[in-house]
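Shown here: model_38.cif, mmCIF, C-alpha atoms.
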data_query
#
loop_
_atom_site.label_atom_id
_atom_site.label_comp_id
_atom_site.auth_asym_id
_atom_site.auth_seq_id
_atom_site.Cartn_x
_atom_site.Cartn_y
_atom_site.Cartn_z
CA MET A 1 7.23 23.21 0.35
CA THR A 2 8.12 19.54 0.69
CA GLU A 3 7.19 16.98 -1.93
CA PRO A 4 4.11 14.88 -1.29
CA LEU A 5 4.68 11.45 0.23
CA HIS A 6 2.81 8.59 -1.43
CA ILE A 7 2.71 5.29 0.44
CA VAL A 8 1.19 2.00 -0.76
CA LEU A 9 0.24 -0.52 1.91
CA ASP A 10 0.99 -4.13 1.05
CA GLY A 11 -1.11 -6.94 2.49
CA THR A 12 1.16 -7.40 5.51
CA ALA A 13 0.90 -3.71 6.39
CA MET A 14 -2.89 -3.85 6.10
CA ILE A 15 -3.05 -6.84 8.44
CA ALA A 16 -0.66 -5.11 10.84
CA ALA A 17 -2.85 -1.98 10.83
CA GLY A 18 -5.83 -4.11 11.79
CA LYS A 19 -3.84 -5.60 14.66
CA GLY A 20 -2.88 -2.16 16.00
CA ASN A 21 0.68 -1.86 14.66
CA VAL A 22 1.87 1.53 15.94
CA LEU A 23 3.83 2.46 12.80
CA ALA A 24 0.93 1.56 10.50
CA SER A 25 -1.40 3.58 12.72
CA ARG A 26 0.91 6.60 12.47
CA LEU A 27 0.91 6.39 8.67
CA ILE A 28 -2.89 6.24 8.64
CA HIS A 29 -3.13 9.20 11.02
CA ARG A 30 -0.71 11.32 9.00
CA ALA A 31 -2.47 10.53 5.72
CA HIS A 32 -5.70 11.77 7.29
CA ALA A 33 -4.35 14.76 9.21
CA GLU A 34 -1.42 16.16 7.24
CA ALA A 35 -1.32 17.76 3.81
CA GLY A 36 0.97 16.02 1.37
CA TRP A 37 0.64 12.52 2.88
CA PHE A 38 -1.21 9.99 0.73
CA LEU A 39 -1.91 6.37 1.65
CA TYR A 40 -3.15 3.74 -0.81
CA ALA A 41 -4.58 0.25 -0.48
CA PRO A 42 -4.46 -1.71 -3.76
CA ALA A 43 -7.69 -3.70 -4.10
CA CYS A 44 -5.96 -7.02 -4.81
CA ALA A 45 -3.74 -6.70 -1.73
CA LEU A 46 -6.79 -5.66 0.29
CA VAL A 47 -8.61 -8.86 -0.72
CA GLU A 48 -5.61 -11.00 0.20
CA ALA A 49 -5.25 -9.24 3.57
CA ASP A 50 -8.96 -9.74 4.28
CA ARG A 51 -8.63 -13.47 3.58
CA VAL A 52 -5.91 -13.69 6.24
CA ARG A 53 -7.64 -11.38 8.71
CA PRO A 54 -11.38 -11.05 8.00
CA GLY A 55 -12.67 -7.51 8.46
CA THR A 56 -9.44 -5.87 7.30
CA ALA A 57 -10.94 -4.68 4.00
CA GLU A 58 -13.97 -3.02 5.60
CA HIS A 59 -11.82 -1.44 8.30
CA LEU A 60 -9.27 0.10 5.89
CA ALA A 61 -11.85 1.14 3.31
CA ALA A 62 -13.70 3.08 6.01
CA LEU A 63 -10.66 5.14 7.02
CA PRO A 64 -10.73 8.68 5.59
CA GLY A 65 -6.98 8.82 4.93
CA VAL A 66 -6.82 5.63 2.85
CA THR A 67 -7.55 5.53 -0.88
CA VAL A 68 -8.48 2.13 -2.27
CA LEU A 69 -6.91 1.66 -5.70
CA GLU A 70 -9.16 -0.16 -8.13
CA LEU A 71 -7.97 -2.78 -10.56
CA ASP A 72 -8.01 -0.66 -13.71
CA LEU A 73 -6.79 -1.91 -17.09
CA SER A 74 -3.11 -1.10 -16.60
CA ALA A 75 -3.15 -2.72 -13.16
CA ALA A 76 -5.00 -5.77 -14.50
CA LEU A 77 -2.37 -6.20 -17.21
CA ALA A 78 0.43 -5.96 -14.63
CA VAL A 79 -1.32 -8.40 -12.29
CA ALA A 80 -2.02 -10.87 -15.11
CA ARG A 81 1.72 -11.44 -15.54
CA GLU A 82 2.21 -12.53 -11.93
CA ASN A 83 1.25 -15.52 -9.76
CA SER A 84 0.18 -13.52 -6.72
CA TRP A 85 -2.21 -10.65 -7.29
CA GLY A 86 -1.68 -8.70 -4.06
CA PRO A 87 2.06 -8.09 -4.40
CA ALA A 88 1.69 -7.50 -8.15
CA HIS A 89 -0.98 -4.84 -7.64
CA THR A 90 1.07 -3.27 -4.84
CA ARG A 91 4.20 -3.13 -7.01
CA HIS A 92 2.20 -1.66 -9.89
CA ALA A 93 0.70 0.99 -7.59
CA ALA A 94 4.17 2.01 -6.41
CA GLN A 95 5.41 2.75 -9.94
CA PRO A 96 5.58 6.36 -11.15
CA THR A 97 2.38 7.83 -12.64
CA ALA A 98 1.24 11.28 -13.70
CA GLU A 99 -0.17 11.81 -10.17
CA ARG A 100 2.91 10.29 -8.52
CA PRO A 101 5.89 11.17 -10.76
CA ASN A 102 8.38 9.78 -8.22
CA GLY A 103 6.30 6.70 -7.54
CA ALA A 104 5.32 5.59 -4.08
CA VAL A 105 6.94 3.80 -1.18
CA VAL A 106 5.66 0.35 -0.17
CA ALA A 107 4.84 -0.02 3.53
CA THR A 108 5.28 -3.60 4.71
CA THR A 109 6.03 -5.77 7.73
CA ASP A 110 7.94 -8.19 5.47
CA ALA A 111 10.71 -6.08 3.92
CA ASP A 112 12.57 -9.21 2.82
CA ALA A 113 9.73 -10.07 0.45
CA TRP A 114 10.45 -6.85 -1.46
CA ARG A 115 14.23 -7.35 -1.68
CA GLY A 116 15.32 -7.10 -5.30
CA GLN A 117 12.03 -5.49 -6.37
CA PRO A 118 12.01 -2.10 -8.12
CA VAL A 119 10.33 -0.32 -5.18
CA ARG A 120 11.32 1.70 -2.12
CA VAL A 121 10.21 0.19 1.20
CA ILE A 122 9.16 1.41 4.64
CA ASP A 123 9.59 -1.45 7.11
CA LEU A 124 6.76 -1.48 9.66
CA GLY A 125 8.08 -4.62 11.33
CA PRO A 126 9.32 -4.85 14.89
#
Can the structure from this file be put into structure tokens for me?
Amino acid sequence: MTEPLHIVLDGTAMIAAGKGNVLASRLIHRAHAEAGWFLYAPACALVEADRVRPGTAEHLAALPGVTVLELDLSAALAVARENSWGPAHTRHAAQPTAERPNGAVVATTDADAWRGQPVRVIDLGP
């Protein structure tokens, strides 16, 4: 059996999904249809994406394969140290946890923004 795949959408990936990005759509489909695929939308990144493209939050939250990650205490503490909440919550969500011992991969359309960050990236850009 293969290990589960955990993917965290950053704000750019959420906006791309709303615009019909084929790669983002495939991730969403797999998370819904295939065992072992898990897709997460950190709440802070979801808010930032919705500010750029209104309706994004409602659209993603309604998808059965997407789990919205709340801003719990550990996430709030991580976000409090940063200037931008969306990327901070995304980075926090990608870190290893008891449920995700190997962490998660960040899906993005702006891979350069994650250069030098302690996360693995899936580039959804063209």
Selection result for the PyMOL selection byres ((chain A and resi 23-31) around 12) on this file, as an MDAnalysis selection string
chainID A and resid 4:22 32:41 59:67 105:109 122:126
Mind listing as a JSON list (two decimals) with C-alpha atoms, in the coordinates of the input all residues within 10 Å of (-1.7, -8.3, -4.2), counting all atoms listed in the file?
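Ended up saving to result-v3.json:
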[["chain", "number", "residue", "atom", "x", "y", "z"],
["A", 10, "ASP", "CA", 0.99, -4.13, 1.05],
["A", 11, "GLY", "CA", -1.11, -6.94, 2.49],
["A", 41, "ALA", "CA", -4.58, 0.25, -0.48],
["A", 42, "PRO", "CA", -4.46, -1.71, -3.76],
["A", 43, "ALA", "CA", -7.69, -3.70, -4.10],
["A", 44, "CYS", "CA", -5.96, -7.02, -4.81],
["A", 45, "ALA", "CA", -3.74, -6.70, -1.73],
["A", 46, "LEU", "CA", -6.79, -5.66, 0.29],
["A", 47, "VAL", "CA", -8.61, -8.86, -0.72],
["A", 48, "GLU", "CA", -5.61, -11.00, 0.20],
["A", 49, "ALA", "CA", -5.25, -9.24, 3.57],
["A", 79, "VAL", "CA", -1.32, -8.40, -12.29],
["A", 82, "GLU", "CA", 2.21, -12.53, -11.93],
["A", 83, "ASN", "CA", 1.25, -15.52, -9.76],
["A", 84, "SER", "CA", 0.18, -13.52, -6.72],
["A", 85, "TRP", "CA", -2.21, -10.65, -7.29],
["A", 86, "GLY", "CA", -1.68, -8.70, -4.06],
["A", 87, "PRO", "CA", 2.06, -8.09, -4.40],
["A", 88, "ALA", "CA", 1.69, -7.50, -8.15],
["A", 89, "HIS", "CA", -0.98, -4.84, -7.64],
["A", 90, "THR", "CA", 1.07, -3.27, -4.84],
["A", 91, "ARG", "CA", 4.20, -3.13, -7.01],
["A", 92, "HIS", "CA", 2.20, -1.66, -9.89]]
If the PyMOL selection byres ((chain A and resi 119) around 9) is run on the structure shown, which residues does it catch, given as JSON, numbers by chain?
{"A": [91, 94, 95, 103, 104, 105, 106, 114, 115, 116, 117, 118, 120, 121]}
